[in-house]
Amino acid sequence: MPVRYGIVCDRCRMLHLISGGRKAHHIRYDRKRREFTANCIPPCPNTIYFQRTMLMPYVVPDEAVQRGYADVDDCRPIARSE
Ligand SMILES: [Zn+2]
């Protein structure tokens, strides 16, 4: 299973994946704020603001890579300290 960096929505626990060949269309970099913004997936109205340093690596299902997001319960975080 692939490993991707992502950020979790506090509101609905959706994991948004950052890395990969194509850019996720719902994530963009705001040059003025110097941070990323991710619009969560409807019906969740949340917008996530984050820095690159806040991203965490996860082992994610293959289909999540295609979609660009996944339920965080379907993903396994990789501890940085190991
Ligand atoms: Zn959400």
# chains A, B, ... in the order shown; residues from 1 in each chain; ligands from 1
>>> select_by_dssp(residues="chain A", states="helix (DSSP H, G or I)", output="PyMOL selection string")
chain A and resi 52-54+62-67+72-74
>>> residues_around(residues="Arg34 (chain A)", least_positions_apart="2", cutoff="12 Å", atoms="only C-alpha atoms", output="PyMOL selection string")
chain A and resi 28-32+36-37+49-52
>>> write_last_selection(atoms="N, CA and C atoms", output="PDB file, in the first residue's frame")
ATOM      1  N   ARG A  28      -4.890  23.959  -2.389  1.00  0.00           N
ATOM      2  CA  ARG A  28      -4.076  24.934  -3.091  1.00  0.00           C
ATOM      3  C   ARG A  28      -3.183  25.674  -2.108  1.00  0.00           C
ATOM      4  N   TYR A  29      -2.153  26.294  -2.659  1.00  0.00           N
ATOM      5  CA  TYR A  29      -1.216  27.041  -1.836  1.00  0.00           C
ATOM      6  C   TYR A  29      -1.546  28.517  -1.927  1.00  0.00           C
ATOM      7  N   ASP A  30      -1.735  29.128  -0.769  1.00  0.00           N
ATOM      8  CA  ASP A  30      -2.043  30.550  -0.699  1.00  0.00           C
ATOM      9  C   ASP A  30      -0.741  31.302  -0.463  1.00  0.00           C
ATOM     10  N   ARG A  31      -0.247  31.979  -1.495  1.00  0.00           N
ATOM     11  CA  ARG A  31       1.051  32.644  -1.390  1.00  0.00           C
ATOM     12  C   ARG A  31       1.036  33.790  -0.393  1.00  0.00           C
ATOM     13  N   LYS A  32      -0.080  34.504  -0.300  1.00  0.00           N
ATOM     14  CA  LYS A  32      -0.162  35.621   0.637  1.00  0.00           C
ATOM     15  C   LYS A  32      -0.084  35.144   2.077  1.00  0.00           C
ATOM     16  N   PHE A  36      -1.134  26.349   3.075  1.00  0.00           N
ATOM     17  CA  PHE A  36      -2.023  25.623   2.194  1.00  0.00           C
ATOM     18  C   PHE A  36      -3.458  25.728   2.690  1.00  0.00           C
ATOM     19  N   THR A  37      -4.398  25.667   1.774  1.00  0.00           N
ATOM     20  CA  THR A  37      -5.795  25.554   2.148  1.00  0.00           C
ATOM     21  C   THR A  37      -6.380  24.336   1.456  1.00  0.00           C
ATOM     22  N   TYR A  49      -6.528  25.000   7.058  1.00  0.00           N
ATOM     23  CA  TYR A  49      -5.329  25.779   6.765  1.00  0.00           C
ATOM     24  C   TYR A  49      -4.153  25.061   7.405  1.00  0.00           C
ATOM     25  N   PHE A  50      -3.095  24.879   6.654  1.00  0.00           N
ATOM     26  CA  PHE A  50      -1.985  24.118   7.235  1.00  0.00           C
ATOM     27  C   PHE A  50      -0.661  24.465   6.567  1.00  0.00           C
ATOM     28  N   GLN A  51       0.399  24.213   7.310  1.00  0.00           N
ATOM     29  CA  GLN A  51       1.765  24.347   6.804  1.00  0.00           C
ATOM     30  C   GLN A  51       2.265  22.969   6.379  1.00  0.00           C
ATOM     31  N   ARG A  52       3.278  22.976   5.543  1.00  0.00           N
ATOM     32  CA  ARG A  52       3.855  21.718   5.090  1.00  0.00           C
ATOM     33  C   ARG A  52       4.379  20.880   6.271  1.00  0.00           C
TER      34      ARG A  52
END
>>> closest_residue(among="A:Arg76, A:Arg67, A:Arg4, A:Arg11", to="His26 (chain A)", atoms="only C-alpha atoms")
A:Arg67
>>> closest_atom_pairs(of="chain A", to="ligand 1", cutoff="6 Å", atoms="only C-alpha atoms and all ligand atoms", output="JSON lines")
{"residue": "A:Cys9", "atom": "CA", "partner": "ligand 1", "partner_atom_place_in_ligand_line": "1 (Zn)", "distance": 4.6}
{"residue": "A:Arg11", "atom": "CA", "partner": "ligand 1", "partner_atom_place_in_ligand_line": "1 (Zn)", "distance": 5.0}
{"residue": "A:Cys12", "atom": "CA", "partner": "ligand 1", "partner_atom_place_in_ligand_line": "1 (Zn)", "distance": 4.2}
{"residue": "A:Met14", "atom": "CA", "partner": "ligand 1", "partner_atom_place_in_ligand_line": "1 (Zn)", "distance": 5.6}
{"residue": "A:Cys40", "atom": "CA", "partner": "ligand 1", "partner_atom_place_in_ligand_line": "1 (Zn)", "distance": 4.7}
{"residue": "A:Cys44", "atom": "CA", "partner": "ligand 1", "partner_atom_place_in_ligand_line": "1 (Zn)", "distance": 4.6}
{"residue": "A:Asn46", "atom": "CA", "partner": "ligand 1", "partner_atom_place_in_ligand_line": "1 (Zn)", "distance": 5.2}
>>> residues_around(residues="Met1 (chain A)", least_positions_apart="2", cutoff="8 Å", atoms="only C-alpha atoms", output="list of chain:residue names")
A:Val3, A:Val59, A:Val60, A:Pro61, A:Asp62
